[in-house]
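K.L.:
Pasting run_1.cif below, which is mmCIF, C-alpha atoms and all ligand atoms.
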data_start
#
loop_
_atom_site.label_atom_id
_atom_site.label_comp_id
_atom_site.auth_asym_id
_atom_site.auth_seq_id
_atom_site.Cartn_x
_atom_site.Cartn_y
_atom_site.Cartn_z
CA MET A 1 0.87 1.17 17.82
CA ILE A 2 -2.23 3.32 18.24
CA GLU A 3 -5.11 1.17 19.53
CA LYS A 4 -7.47 2.26 16.76
CA ALA A 5 -4.96 1.44 14.01
CA LYS A 6 -4.17 -1.87 15.69
CA GLN A 7 -7.83 -2.89 15.63
CA GLU A 8 -8.20 -1.80 12.02
CA LEU A 9 -5.11 -3.73 10.96
CA GLU A 10 -6.43 -6.82 12.76
CA LYS A 11 -9.77 -6.43 10.99
CA LEU A 12 -8.06 -6.22 7.60
CA LEU A 13 -5.78 -9.19 8.30
CA ASN A 14 -8.83 -11.19 9.39
CA GLY A 15 -10.50 -10.12 6.16
CA ASN A 16 -7.44 -11.43 4.33
CA LYS A 17 -7.99 -14.79 6.04
CA ASN A 18 -11.52 -14.81 4.62
CA PHE A 19 -10.06 -14.21 1.18
CA VAL A 20 -7.44 -16.95 1.62
CA ASN A 21 -10.09 -19.39 2.83
CA SER A 22 -12.45 -18.44 -0.01
CA THR A 23 -15.05 -17.34 2.52
CA PRO A 24 -15.56 -13.65 1.74
CA THR A 25 -18.31 -11.94 3.70
CA LEU A 26 -19.31 -9.89 0.63
CA LYS A 27 -20.55 -7.13 2.93
CA ASN A 28 -21.17 -3.55 1.87
CA ILE A 29 -20.86 -4.18 -1.84
CA THR A 30 -24.32 -3.16 -2.98
CA LEU A 31 -25.99 0.07 -4.06
CA GLU A 32 -27.53 0.29 -0.60
CA THR A 33 -24.06 0.85 0.90
CA LEU A 34 -23.16 3.37 -1.76
CA ASN A 35 -26.36 5.29 -1.03
CA LYS A 36 -25.46 5.36 2.66
CA TYR A 37 -22.19 7.08 1.74
CA ALA A 38 -23.57 9.06 -1.18
CA PHE A 39 -22.55 12.42 0.26
CA HIS A 40 -19.72 11.61 2.62
CA GLN A 41 -17.03 9.03 3.21
CA GLU A 42 -15.33 7.78 6.34
CA PRO A 43 -12.73 5.19 5.34
CA TYR A 44 -10.69 3.92 8.26
CA ALA A 45 -7.55 3.03 6.35
CA CYS A 46 -5.52 4.28 3.42
CA VAL A 47 -3.86 1.72 1.18
CA LEU A 48 -1.01 2.56 -1.17
CA THR A 49 -0.33 -0.28 -3.55
CA CYS A 50 0.51 -1.27 -7.12
CA SER A 51 -1.77 -0.93 -10.15
CA ASP A 52 -1.17 -4.61 -10.86
CA SER A 53 -4.43 -6.27 -11.90
CA ARG A 54 -3.89 -9.04 -9.36
CA VAL A 55 -3.59 -6.73 -6.37
CA VAL A 56 -7.07 -5.52 -5.49
CA PRO A 57 -7.14 -4.32 -1.87
CA GLU A 58 -10.90 -4.53 -1.34
CA ILE A 59 -10.93 -8.17 -2.44
CA ILE A 60 -7.69 -9.17 -0.70
CA PHE A 61 -8.89 -7.66 2.59
CA ASP A 62 -12.55 -8.63 2.16
CA CYS A 63 -13.78 -5.04 2.35
CA GLY A 64 -16.70 -3.19 0.86
CA ILE A 65 -17.61 0.30 -0.30
CA GLY A 66 -16.48 3.15 1.94
CA GLU A 67 -13.87 1.25 3.96
CA LEU A 68 -10.56 1.88 2.20
CA PHE A 69 -9.04 4.99 0.64
CA VAL A 70 -6.97 3.34 -2.07
CA ILE A 71 -4.12 4.77 -4.12
CA ARG A 72 -2.78 2.50 -6.83
CA VAL A 73 0.18 3.35 -8.99
CA ALA A 74 2.57 1.15 -10.97
CA GLY A 75 5.17 -0.34 -8.67
CA MET A 76 3.71 1.46 -5.64
CA THR A 77 5.95 4.34 -6.66
CA THR A 78 5.66 7.77 -5.15
CA GLY A 79 5.61 11.39 -6.23
CA ALA A 80 3.83 14.61 -5.35
CA ASN A 81 0.34 13.43 -6.31
CA VAL A 82 0.72 10.21 -4.35
CA VAL A 83 2.12 11.95 -1.27
CA GLU A 84 -0.67 14.52 -1.34
CA SER A 85 -3.33 11.83 -1.78
CA ILE A 86 -2.09 10.16 1.41
CA GLU A 87 -1.92 13.53 3.13
CA TYR A 88 -5.55 14.12 2.19
CA ALA A 89 -6.52 10.80 3.76
CA VAL A 90 -4.59 11.62 6.92
CA LYS A 91 -5.48 15.27 7.34
CA LYS A 92 -9.01 15.47 5.97
CA LEU A 93 -10.36 11.93 6.33
CA LYS A 94 -8.46 11.30 9.58
CA VAL A 95 -7.44 7.75 8.77
CA SER A 96 -5.20 6.28 11.45
CA LEU A 97 -3.81 3.40 9.40
CA LEU A 98 -1.73 3.53 6.24
CA ILE A 99 -0.97 0.22 4.56
CA LEU A 100 1.88 0.03 2.09
CA LEU A 101 1.16 -3.11 0.10
CA GLY A 102 3.88 -4.50 -2.14
CA HIS A 103 3.44 -7.78 -3.93
CA ASP A 104 5.02 -10.81 -5.64
CA ASP A 105 5.99 -10.83 -9.30
CA CYS A 106 5.80 -7.03 -9.62
CA GLY A 107 6.40 -6.01 -13.23
CA VAL A 108 8.04 -2.75 -12.20
CA MET A 109 10.61 -4.56 -10.01
CA LYS A 110 11.38 -6.92 -12.86
CA TYR A 111 11.71 -4.09 -15.38
CA ALA A 112 13.94 -2.08 -13.04
CA LYS A 113 16.19 -5.08 -12.44
CA GLU A 114 16.57 -5.64 -16.16
CA HIS A 115 17.44 -2.01 -16.89
CA TYR A 116 19.39 -0.91 -13.83
CA PRO A 117 21.34 1.35 -13.77
CA GLU A 118 20.59 2.82 -17.18
CA PRO A 119 18.41 5.92 -17.25
CA THR A 120 15.58 5.06 -19.57
CA GLU A 121 13.67 7.25 -21.93
CA HIS A 122 10.38 5.79 -20.77
CA PHE A 123 9.15 5.14 -17.23
CA SER A 124 11.79 7.46 -15.79
CA SER A 125 9.68 8.79 -12.90
CA ILE A 126 8.77 5.23 -11.92
CA LEU A 127 12.33 3.93 -12.12
CA LYS A 128 13.58 6.91 -10.12
CA CYS A 129 11.57 5.48 -7.22
CA VAL A 130 12.85 1.91 -7.43
CA TYR A 131 16.50 2.35 -8.43
CA PRO A 132 17.52 3.65 -4.95
CA VAL A 133 17.02 0.16 -3.49
CA LEU A 134 19.28 -1.29 -6.16
CA ASP A 135 21.82 1.47 -5.50
CA LYS A 136 22.10 0.18 -1.95
CA LYS A 137 21.80 -3.54 -2.62
CA GLU A 138 22.95 -4.36 -6.10
CA ASP A 139 23.07 -8.07 -5.36
CA ILE A 140 19.28 -8.39 -5.18
CA THR A 141 18.25 -11.39 -7.26
CA CYS A 142 14.77 -12.17 -5.91
CA HIS A 143 12.07 -9.84 -7.21
CA ASN A 144 9.87 -10.49 -4.21
CA PHE A 145 12.66 -9.54 -1.78
CA PHE A 146 13.27 -6.47 -3.97
CA ALA A 147 9.58 -5.51 -3.65
CA GLN A 148 9.78 -5.78 0.15
CA GLN A 149 12.91 -3.62 0.28
CA HIS A 150 11.09 -1.14 -1.95
CA THR A 151 8.16 -1.03 0.49
CA ILE A 152 10.59 -0.14 3.29
CA TRP A 153 12.06 2.57 1.04
CA VAL A 154 8.58 4.00 0.35
CA GLU A 155 7.89 4.37 4.07
CA ASP A 156 11.19 6.17 4.49
CA TYR A 157 10.40 8.41 1.49
CA LEU A 158 7.00 9.37 2.89
CA MET A 159 8.45 10.16 6.31
CA LYS A 160 11.09 12.38 4.71
CA HIS A 161 8.91 14.11 2.11
CA SER A 162 5.70 14.79 4.00
CA VAL A 163 5.45 16.90 7.12
CA ILE A 164 1.81 15.85 7.53
CA ILE A 165 2.60 12.12 7.46
CA ASN A 166 5.75 12.49 9.54
CA GLU A 167 4.01 14.48 12.28
CA ALA A 168 0.96 12.21 12.30
CA VAL A 169 3.22 9.19 12.87
CA LYS A 170 5.28 10.93 15.54
CA ASN A 171 2.15 12.17 17.32
CA ASN A 172 0.60 8.69 17.36
CA LYS A 173 -2.17 9.69 15.00
CA LEU A 174 -1.07 7.43 12.16
CA TYR A 175 0.45 3.96 11.99
CA ILE A 176 2.18 2.76 8.83
CA ALA A 177 1.97 -0.99 8.24
CA LYS A 178 4.39 -2.34 5.64
CA CYS A 179 2.85 -5.40 4.02
CA HIS A 180 3.55 -7.88 1.24
CA PHE A 181 1.04 -9.86 -0.79
CA ASN A 182 2.00 -13.42 -1.69
CA HIS A 183 0.44 -14.53 -4.98
CA SER A 184 0.75 -18.23 -4.28
CA THR A 185 -1.00 -18.23 -0.95
CA GLY A 186 -3.04 -15.00 -1.10
CA ILE A 187 -1.66 -14.13 2.32
CA VAL A 188 -0.72 -10.58 3.29
CA ASN A 189 2.31 -10.59 5.58
CA ILE A 190 3.68 -7.77 7.69
CA ILE A 191 7.24 -6.89 6.71
CA ASP A 192 9.69 -6.73 9.60
CA ASN A 193 12.64 -4.41 9.24
ZN ZN A 201 3.45 -4.33 -9.03
#
So, in terms of structure tokens, how does the structure I just supplied come out?
Ligand SMILES: [Zn+2]

P.N.:
Amino acid sequence: MIEKAKQELEKLLNGNKNFVNSTPTLKNITLETLNKYAFHQEPYACVLTCSDSRVVPEIIFDCGIGELFVIRVAGMTTGANVVESIEYAVKKLKVSLLILLGHDDCGVMKYAKEHYPEPTEHFSSILKCVYPVLDKKEDITCHNFFAQQHTIWVEDYLMKHSVIINEAVKNNKLYIAKCHFNHSTGIVNIIDN
């Protein structure tokens, strides 16, 4: 892993410990910080996660204004806008860490499980991104395991659909950390695959 990304990931996981221990530092959350970054930003990490109201990266990682470039979309699903948002963070903002943050009890995973394999009139672009995991592993019963498999699929998707992300990873300019947020403990774990 790139040293810079390693340090940033450690910082965020330490921030997560503050959250878990209910000892947030509450740094950089005032207007003073916003004024400092009024005309520029220099986030050190990009986070792609779910829109779920319980998954708030800045709180979970004990971060303030200007630290994270966050993209939230239902089910942490992907498409052109999402890919290009990450590419912007990598190419223009030069972030060296991308966190893919799946989570427990994800409504999209539950919905997909209930409706697989039927094509549905609504939510089709979202389901298109989560059905592939079920295509491979139809015996998935645990939604949280499903979410983790989906996170692995998202990394694979990004590597295949974005030259910018793919080259940044291969050239040691970007590290992708696949993570999972546990609702019971508040802990963010790294997913091994
Ligand atoms: Zn979700």

K.L.:
Using only C-alpha atoms and all ligand atoms for the distances, tell me which of A:Leu48, A:Ile65, A:Ile140, A:Leu9 is nearest to ligand ZN 201 (chain A).

P.N.:
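Ranked by minimum distance to ligand ZN 201 (chain A), first place goes to A:Leu48.
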
K.L.:
If the limit is 8 Å from any atom of ligand ZN 201 (chain A), counting only C-alpha atoms and all ligand atoms, which residues qualify? Return them as a CSV table (one decimal) with C-alpha atoms, in the frame of the given file.

P.N.:
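Okay, this is what ended up in result-v1.csv:
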chain,number,residue,atom,x,y,z
A,49,THR,CA,-0.3,-0.3,-3.6
A,50,CYS,CA,0.5,-1.3,-7.1
A,51,SER,CA,-1.8,-0.9,-10.2
A,52,ASP,CA,-1.2,-4.6,-10.9
A,55,VAL,CA,-3.6,-6.7,-6.4
A,74,ALA,CA,2.6,1.2,-11.0
A,75,GLY,CA,5.2,-0.3,-8.7
A,76,MET,CA,3.7,1.5,-5.6
A,102,GLY,CA,3.9,-4.5,-2.1
A,103,HIS,CA,3.4,-7.8,-3.9
A,104,ASP,CA,5.0,-10.8,-5.6
A,105,ASP,CA,6.0,-10.8,-9.3
A,106,CYS,CA,5.8,-7.0,-9.6
A,107,GLY,CA,6.4,-6.0,-13.2
A,108,VAL,CA,8.0,-2.8,-12.2
A,109,MET,CA,10.6,-4.6,-10.0

K.L.:
Neighbours of Lys4 in chain A within 10 Å (all atoms listed in the file; same-chain residues fewer than 6 positions away dropped), as a list in words?

P.N.:
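Counting only the stated atoms, we get Glu10, Tyr44, Val95, Ser96, Leu97, Lys173, Leu174 and Tyr175 of chain A.
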
K.L.:
So, counting all atoms listed in the file, which residue among A:Val47, A:Ala80, A:Ile71, A:Met1 is closest to Leu100 in chain A?

P.N.:
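Smallest distance to Leu100 in chain A is found for A:Val47.
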
K.L.:
Name the residues in contact with Thr78 in chain A at a cut-off of 12 Å, using only C-alpha atoms, excluding same-chain residues fewer than 5 positions from it; report them as JSON, numbers by chain.

P.N.:
{"A": [48, 49, 50, 71, 72, 73, 83, 84, 85, 86, 100, 125, 126, 127, 128, 129, 130, 150, 151, 153, 154, 155, 156, 157, 158, 161, 162]}

K.L.:
Please identify all polymer residues within 12 Å of Phe61 in chain A, counting all atoms listed in the file, omitting same-chain residues fewer than 6 positions from it, and present them as number ranges by chain.

P.N.:
A: 8-27, 45, 47, 55, 67-68, 99, 101, 181, 186-189

K.L.:
With C-alpha atoms retained, could you export that selection as a compact mmCIF listing (two decimals), in the coordinates of the input?

P.N.:
# COMPACT_ATOMS: atom_id res chain seq x y z
CA GLU A 8 -8.20 -1.80 12.02
CA LEU A 9 -5.11 -3.73 10.96
CA GLU A 10 -6.43 -6.82 12.76
CA LYS A 11 -9.77 -6.43 10.99
CA LEU A 12 -8.06 -6.22 7.60
CA LEU A 13 -5.78 -9.19 8.30
CA ASN A 14 -8.83 -11.19 9.39
CA GLY A 15 -10.50 -10.12 6.16
CA ASN A 16 -7.44 -11.43 4.33
CA LYS A 17 -7.99 -14.79 6.04
CA ASN A 18 -11.52 -14.81 4.62
CA PHE A 19 -10.06 -14.21 1.18
CA VAL A 20 -7.44 -16.95 1.62
CA ASN A 21 -10.09 -19.39 2.83
CA SER A 22 -12.45 -18.44 -0.01
CA THR A 23 -15.05 -17.34 2.52
CA PRO A 24 -15.56 -13.65 1.74
CA THR A 25 -18.31 -11.94 3.70
CA LEU A 26 -19.31 -9.89 0.63
CA LYS A 27 -20.55 -7.13 2.93
CA ALA A 45 -7.55 3.03 6.35
CA VAL A 47 -3.86 1.72 1.18
CA VAL A 55 -3.59 -6.73 -6.37
CA GLU A 67 -13.87 1.25 3.96
CA LEU A 68 -10.56 1.88 2.20
CA ILE A 99 -0.97 0.22 4.56
CA LEU A 101 1.16 -3.11 0.10
CA PHE A 181 1.04 -9.86 -0.79
CA GLY A 186 -3.04 -15.00 -1.10
CA ILE A 187 -1.66 -14.13 2.32
CA VAL A 188 -0.72 -10.58 3.29
CA ASN A 189 2.31 -10.59 5.58

K.L.:
Could you work out an axis-aligned box for range 54-71 of chain A, taking every atom the file lists and adding 8 Å on each side, and report centre and edge lengths in Å to one decimal, as lines of an AutoDock Vina configuration file?

P.N.:
center_x = -10.6
center_y = -2.1
center_z = -2.7
size_x = 30.0
size_y = 30.2
size_z = 29.3

K.L.:
Residues within 10 Å of Lys110 in chain A, please, as JSON, numbers by chain. Count only C-alpha atoms; anything in the same chain fewer than 6 positions from it doesn't count.

P.N.:
{"A": [75, 141, 142, 143, 144, 146, 147]}

K.L.:
Name all residues at most 8 Å from Gln41 in chain A (count only C-alpha atoms; drop same-chain ones fewer than 3 positions away) and give them as a list in words.

P.N.:
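Near Gln41 in chain A, the qualifying residues are Tyr37, Ala38, Gly66 and Leu93 of chain A.
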
K.L.:
With distances taken over only C-alpha atoms, which residue among A:Thr77, A:Lys36, A:Lys160, A:Gln148 lies nearest Phe123 in chain A?

P.N.:
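The shortest atom-to-atom distance to Phe123 in chain A comes from A:Thr77.
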
K.L.:
Counting all atoms listed in the file, figure out which residue out of A:Pro43, A:Val169, A:Val163, A:Ile176 gets nearest to Lys6 in chain A.

P.N.:
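When distances to Lys6 in chain A are compared using all atoms listed in the file, the smallest one comes from A:Ile176.
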
K.L.:
Report, in Å with one decimal, the straight-line distance from CA of Tyr111 in chain A to CA of Tyr131 in chain A.

P.N.:
10.6 Å

K.L.:
Ranking A:Asn28, A:Thr33, A:Ser124, A:Ser53 by minimum distance to His183 in chain A and counting all atoms listed in the file, which one comes first?

P.N.:
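Closest candidate: A:Ser53.
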
K.L.:
If I take CA of Ile165 in chain A and CA of Lys91 in chain A, how far is one from the other in Å, to one decimal?

P.N.:
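These atoms are spaced 8.7 Å apart.
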
K.L.:
Taking into account only C-alpha atoms, which residue in the set A:Asp135, A:Glu58, A:Glu121, A:Glu167 is nearest to Cys46 in chain A?

P.N.:
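Of all the options, A:Glu58 lies closest to Cys46 in chain A.
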
K.L.:
Could you tell me how far CA of Phe145 in chain A lies from CA of Gly79 in chain A, in Å and to one decimal?

P.N.:
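Atom-to-atom, CA of Phe145 in chain A to CA of Gly79 in chain A, that is 22.5 Å.
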